[in-house]
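Let me begin by presenting the structure, written as structure tokens, before commenting on it.
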Amino acid sequence: MAGRGPAEPTVILGDTSLNYVRTQAQGSIYFPFGETASTVIAGRLKAGSMLGGTLPEAPAARRFYSGGGGSVRGYAYQAIGPRLKSNNTPQGGLSLLETSIEVRHRFTERWGGVAFVDAGAVGGAQTPSLDDFRAGVGVGVRYDLGFGPIRADIAIPLGKRVGDPAFQIYLSIGQSF
């Protein structure tokens, strides 16, 4: 089991002032199965909130974003959460909740596969609502290079909104978490 959780107090001064604390925590857990531990169930939970400030005041670079290969697969990078009405651009949010569950299986010394479900929400308030949640499901293959795997995943979004793709393909090095 692994976890981390920083808190970042911030004061912005100028024409207007803004005081907020950005908090975030993440944890993951792994359950190996079988005599050779060739199957692993992996889980991840991540939560964050910006205490103080409102969505229009919060700097875009400090807001929470979700979607893509490192969070909720099946959605485009940072595409989950509030969007601008004028052009459907993701604007980030004041809160975040993400979870992932993977079943990883090693078929040979180098090759493996994975099935996963990811879910997440980015909210415009200090906690996300049920309406903010999106989920994606998919499968992938892994090739172990010795120092980490090359991964190729394909995922579909559940509860697609306007502008969401029918599926996403992700190629990267390392496990998703």
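So you can find residues: chains in the structure tokens are A, B, ... in the order shown, residues in each start at 1, and ligands are numbered from 1 in order.
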| request: From the DSSP assignment of the backbone, select every residue of chain A that is strand (DSSP E or B), and format the answer as an MDAnalysis selection string. | output: chainID A and resid 2:4 7:12 18:33 39:51 64 66 80 83 90 93 95:106 111:123 133:144 149:158 168:173
| field | Residue neighbourhood Ser95 in chain A, 9 Å, only C-alpha atoms, exclusion window fewer than 3 positions, as number ranges by chain | value | A: 47-50, 63-65, 92, 121-128
Next, dump the selected residues to file, keeping only N, CA and C atoms, as a PDB file, in the first residue's frame.
```pdb
ATOM      1  N   ALA A  47      -8.274  12.051  -4.043  1.00  0.00           N
ATOM      2  CA  ALA A  47      -9.263  13.075  -3.713  1.00  0.00           C
ATOM      3  C   ALA A  47      -8.548  14.401  -3.511  1.00  0.00           C
ATOM      4  N   GLY A  48      -9.223  15.472  -3.875  1.00  0.00           N
ATOM      5  CA  GLY A  48      -8.653  16.801  -3.685  1.00  0.00           C
ATOM      6  C   GLY A  48      -9.738  17.839  -3.563  1.00  0.00           C
ATOM      7  N   SER A  49      -9.397  18.943  -2.901  1.00  0.00           N
ATOM      8  CA  SER A  49     -10.347  20.041  -2.740  1.00  0.00           C
ATOM      9  C   SER A  49      -9.586  21.345  -2.568  1.00  0.00           C
ATOM     10  N   MET A  50     -10.162  22.406  -3.114  1.00  0.00           N
ATOM     11  CA  MET A  50      -9.626  23.747  -2.936  1.00  0.00           C
ATOM     12  C   MET A  50     -10.547  24.454  -1.948  1.00  0.00           C
ATOM     13  N   ARG A  63      -6.380  24.629 -10.538  1.00  0.00           N
ATOM     14  CA  ARG A  63      -7.634  23.869 -10.485  1.00  0.00           C
ATOM     15  C   ARG A  63      -7.352  22.386 -10.673  1.00  0.00           C
ATOM     16  N   PHE A  64      -8.347  21.571 -10.363  1.00  0.00           N
ATOM     17  CA  PHE A  64      -8.241  20.126 -10.556  1.00  0.00           C
ATOM     18  C   PHE A  64      -8.772  19.747 -11.933  1.00  0.00           C
ATOM     19  N   TYR A  65      -8.109  18.766 -12.545  1.00  0.00           N
ATOM     20  CA  TYR A  65      -8.500  18.251 -13.856  1.00  0.00           C
ATOM     21  C   TYR A  65      -8.473  16.727 -13.816  1.00  0.00           C
ATOM     22  N   GLY A  92     -11.687  22.970 -15.591  1.00  0.00           N
ATOM     23  CA  GLY A  92     -11.160  22.528 -14.308  1.00  0.00           C
ATOM     24  C   GLY A  92     -12.167  22.786 -13.204  1.00  0.00           C
ATOM     25  N   ALA A 121     -14.524  12.398 -10.913  1.00  0.00           N
ATOM     26  CA  ALA A 121     -15.365  13.596 -10.973  1.00  0.00           C
ATOM     27  C   ALA A 121     -14.521  14.810 -10.656  1.00  0.00           C
ATOM     28  N   VAL A 122     -14.790  15.885 -11.361  1.00  0.00           N
ATOM     29  CA  VAL A 122     -14.234  17.201 -11.063  1.00  0.00           C
ATOM     30  C   VAL A 122     -15.433  18.104 -10.875  1.00  0.00           C
ATOM     31  N   GLY A 123     -15.505  18.765  -9.725  1.00  0.00           N
ATOM     32  CA  GLY A 123     -16.668  19.588  -9.416  1.00  0.00           C
ATOM     33  C   GLY A 123     -16.347  21.060  -9.326  1.00  0.00           C
ATOM     34  N   GLY A 124     -17.353  21.879  -9.561  1.00  0.00           N
ATOM     35  CA  GLY A 124     -17.213  23.330  -9.458  1.00  0.00           C
ATOM     36  C   GLY A 124     -17.329  23.837  -8.036  1.00  0.00           C
ATOM     37  N   ALA A 125     -17.656  22.945  -7.089  1.00  0.00           N
ATOM     38  CA  ALA A 125     -17.742  23.294  -5.675  1.00  0.00           C
ATOM     39  C   ALA A 125     -16.629  22.548  -4.925  1.00  0.00           C
ATOM     40  N   GLN A 126     -16.584  22.695  -3.600  1.00  0.00           N
ATOM     41  CA  GLN A 126     -15.520  22.069  -2.805  1.00  0.00           C
ATOM     42  C   GLN A 126     -15.617  20.554  -2.745  1.00  0.00           C
ATOM     43  N   THR A 127     -16.770  19.996  -3.107  1.00  0.00           N
ATOM     44  CA  THR A 127     -16.918  18.542  -3.254  1.00  0.00           C
ATOM     45  C   THR A 127     -17.692  18.281  -4.542  1.00  0.00           C
ATOM     46  N   PRO A 128     -17.302  17.232  -5.287  1.00  0.00           N
ATOM     47  CA  PRO A 128     -18.041  16.943  -6.521  1.00  0.00           C
ATOM     48  C   PRO A 128     -19.403  16.335  -6.209  1.00  0.00           C
TER      49      PRO A 128
END
```
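Summary of the local environment: counting only C-alpha atoms, residues at most 9 Å from Thr39 in chain A, other than itself and those fewer than 2 positions away along its chain, are Phe31, Pro32, Phe33, Gly34, Thr36, Ala37, Ile41, Val103, Arg104, His105 and Arg106 of chain A.
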| Which residues come within 10 Å of Gly74 in chain A, counting only C-alpha atoms, excluding same-chain residues fewer than 6 positions away, as a list of chain:residue names? |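 Near Gly74 in chain A, the qualifying residues are A:Gly67, A:Gly68, A:Val117, A:Asp118, A:Ala119, A:Arg134, A:Ala135, A:Gly136, A:Val137, A:Gly138, A:Asp153, A:Ile154, A:Ala155, A:Ile156, A:Pro157, A:Leu158, A:Lys160, A:Asp164, A:Pro165, A:Ala166, A:Phe167, A:Gln168, A:Ile169, A:Tyr170.
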Output N, CA and C atoms for every residue in that selection, as an mmCIF file, in the first residue's frame.
```cif
data_model
loop_
_atom_site.group_PDB
_atom_site.id
_atom_site.type_symbol
_atom_site.label_atom_id
_atom_site.label_comp_id
_atom_site.auth_asym_id
_atom_site.auth_seq_id
_atom_site.Cartn_x
_atom_site.Cartn_y
_atom_site.Cartn_z
ATOM 1 N N GLY A 67 -9.191 13.027 -16.502
ATOM 2 C CA GLY A 67 -9.422 12.479 -17.832
ATOM 3 C C GLY A 67 -8.102 12.192 -18.505
ATOM 4 N N GLY A 68 -7.999 11.027 -19.131
ATOM 5 C CA GLY A 68 -6.784 10.667 -19.834
ATOM 6 C C GLY A 68 -6.088 9.474 -19.221
ATOM 7 N N VAL A 117 -11.404 -0.536 -14.746
ATOM 8 C CA VAL A 117 -12.517 0.397 -14.631
ATOM 9 C C VAL A 117 -11.962 1.626 -13.916
ATOM 10 N N ASP A 118 -12.119 2.787 -14.517
ATOM 11 C CA ASP A 118 -11.709 4.056 -13.922
ATOM 12 C C ASP A 118 -12.952 4.920 -13.759
ATOM 13 N N ALA A 119 -12.996 5.704 -12.709
ATOM 14 C CA ALA A 119 -14.108 6.639 -12.517
ATOM 15 C C ALA A 119 -13.562 7.896 -11.863
ATOM 16 N N ARG A 134 -17.879 10.501 -14.080
ATOM 17 C CA ARG A 134 -17.735 9.830 -15.369
ATOM 18 C C ARG A 134 -16.928 8.564 -15.132
ATOM 19 N N ALA A 135 -17.152 7.552 -15.948
ATOM 20 C CA ALA A 135 -16.422 6.289 -15.822
ATOM 21 C C ALA A 135 -15.989 5.814 -17.198
ATOM 22 N N GLY A 136 -14.914 5.058 -17.210
ATOM 23 C CA GLY A 136 -14.414 4.448 -18.430
ATOM 24 C C GLY A 136 -13.979 3.020 -18.145
ATOM 25 N N VAL A 137 -14.116 2.157 -19.132
ATOM 26 C CA VAL A 137 -13.695 0.759 -18.997
ATOM 27 C C VAL A 137 -12.805 0.410 -20.177
ATOM 28 N N GLY A 138 -11.911 -0.559 -19.940
ATOM 29 C CA GLY A 138 -11.053 -0.938 -21.041
ATOM 30 C C GLY A 138 -10.150 -2.104 -20.732
ATOM 31 N N ASP A 153 -3.292 0.722 -23.914
ATOM 32 C CA ASP A 153 -4.648 0.554 -23.409
ATOM 33 C C ASP A 153 -5.648 1.122 -24.399
ATOM 34 N N ILE A 154 -6.810 0.502 -24.454
ATOM 35 C CA ILE A 154 -7.941 1.063 -25.191
ATOM 36 C C ILE A 154 -9.111 1.110 -24.215
ATOM 37 N N ALA A 155 -9.797 2.251 -24.176
ATOM 38 C CA ALA A 155 -10.882 2.436 -23.210
ATOM 39 C C ALA A 155 -12.035 3.180 -23.855
ATOM 40 N N ILE A 156 -13.237 2.883 -23.373
ATOM 41 C CA ILE A 156 -14.425 3.589 -23.846
ATOM 42 C C ILE A 156 -15.039 4.358 -22.678
ATOM 43 N N PRO A 157 -15.547 5.547 -22.954
ATOM 44 C CA PRO A 157 -16.209 6.309 -21.893
ATOM 45 C C PRO A 157 -17.636 5.816 -21.692
ATOM 46 N N LEU A 158 -18.070 5.777 -20.467
ATOM 47 C CA LEU A 158 -19.463 5.463 -20.143
ATOM 48 C C LEU A 158 -20.130 6.791 -19.787
ATOM 49 N N LYS A 160 -21.100 9.184 -22.028
ATOM 50 C CA LYS A 160 -20.497 10.174 -22.928
ATOM 51 C C LYS A 160 -21.288 11.476 -22.962
ATOM 52 N N ASP A 164 -17.156 14.190 -26.227
ATOM 53 C CA ASP A 164 -16.368 13.049 -25.772
ATOM 54 C C ASP A 164 -16.176 12.069 -26.927
ATOM 55 N N PRO A 165 -14.981 11.453 -27.022
ATOM 56 C CA PRO A 165 -14.721 10.503 -28.105
ATOM 57 C C PRO A 165 -15.430 9.169 -27.859
ATOM 58 N N ALA A 166 -15.548 8.361 -28.900
ATOM 59 C CA ALA A 166 -16.144 7.030 -28.780
ATOM 60 C C ALA A 166 -15.199 6.095 -28.023
ATOM 61 N N PHE A 167 -13.882 6.307 -28.156
ATOM 62 C CA PHE A 167 -12.875 5.520 -27.449
ATOM 63 C C PHE A 167 -11.573 6.303 -27.442
ATOM 64 N N GLN A 168 -10.642 5.867 -26.617
ATOM 65 C CA GLN A 168 -9.314 6.470 -26.565
ATOM 66 C C GLN A 168 -8.286 5.345 -26.516
ATOM 67 N N ILE A 169 -7.119 5.581 -27.117
ATOM 68 C CA ILE A 169 -5.991 4.654 -27.082
ATOM 69 C C ILE A 169 -4.847 5.372 -26.375
ATOM 70 N N TYR A 170 -4.202 4.666 -25.457
ATOM 71 C CA TYR A 170 -3.102 5.243 -24.681
ATOM 72 C C TYR A 170 -1.870 4.365 -24.826
#
```
| message | Just the number, please: distance in Å from CA of Ser38 in chain A to CA of Gly113 in chain A, one decimal. | response | 10.6 Å
| request: Tell me which of A:Ile12, A:Ala7, A:Ala25, A:Val162 sits closest to Asn87 in chain A, counting only C-alpha atoms. | output: A:Val162
| field | Exercise: range 58-62 of chain A partners within 9 Å, only C-alpha atoms, chain neighbours under 5 positions left out, as a list of chain:residue names | value |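 Skipping anything fewer than 5 positions along the chain leaves A:Leu18, A:Tyr20, A:Arg22, A:Met50, A:Gly53, A:Gln91, A:Gly92, A:Gly93, A:Leu94.
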Please, could you write that set of residues out with N, CA, C and O atoms as a tab-separated table (two decimals), in the first residue's frame?
```tsv
chain	number	residue	atom	x	y	z
A	18	LEU	N	-6.91	36.63	-3.04
A	18	LEU	CA	-7.51	35.31	-2.94
A	18	LEU	C	-6.68	34.48	-1.97
A	18	LEU	O	-5.46	34.40	-2.10
A	20	TYR	N	-6.55	30.59	-0.37
A	20	TYR	CA	-7.11	29.24	-0.45
A	20	TYR	C	-6.08	28.23	-0.01
A	20	TYR	O	-4.88	28.51	0.04
A	22	ARG	N	-5.14	24.32	-1.12
A	22	ARG	CA	-5.37	23.23	-2.07
A	22	ARG	C	-4.86	21.95	-1.42
A	22	ARG	O	-3.68	21.84	-1.10
A	50	MET	N	-10.16	22.41	-3.11
A	50	MET	CA	-9.63	23.75	-2.94
A	50	MET	C	-10.55	24.45	-1.95
A	50	MET	O	-11.72	24.71	-2.25
A	53	GLY	N	-12.10	30.47	-2.04
A	53	GLY	CA	-12.13	30.87	-3.45
A	53	GLY	C	-13.31	30.26	-4.19
A	53	GLY	O	-13.99	29.38	-3.68
A	91	GLN	N	-12.78	23.55	-18.02
A	91	GLN	CA	-12.27	24.68	-17.24
A	91	GLN	C	-11.70	24.27	-15.89
A	91	GLN	O	-11.24	25.11	-15.13
A	92	GLY	N	-11.69	22.97	-15.59
A	92	GLY	CA	-11.16	22.53	-14.31
A	92	GLY	C	-12.17	22.79	-13.20
A	92	GLY	O	-13.25	23.32	-13.44
A	93	GLY	N	-11.80	22.39	-11.99
A	93	GLY	CA	-12.74	22.54	-10.90
A	93	GLY	C	-12.06	22.72	-9.56
A	93	GLY	O	-10.83	22.74	-9.45
A	94	LEU	N	-12.88	22.85	-8.53
A	94	LEU	CA	-12.41	23.06	-7.16
A	94	LEU	C	-12.31	21.76	-6.38
A	94	LEU	O	-11.83	21.76	-5.24
```
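Among the candidates A:Ser66, A:Thr108, A:Asn88, A:Thr54, the one nearest to Tyr143 in chain A when counting only C-alpha atoms is A:Thr108.
Remark: for Ile29 in chain A, the closest of the candidate residues A:Val114, A:Phe177, A:Leu84, A:Gly140 is A:Phe177 (distances computed over only C-alpha atoms).
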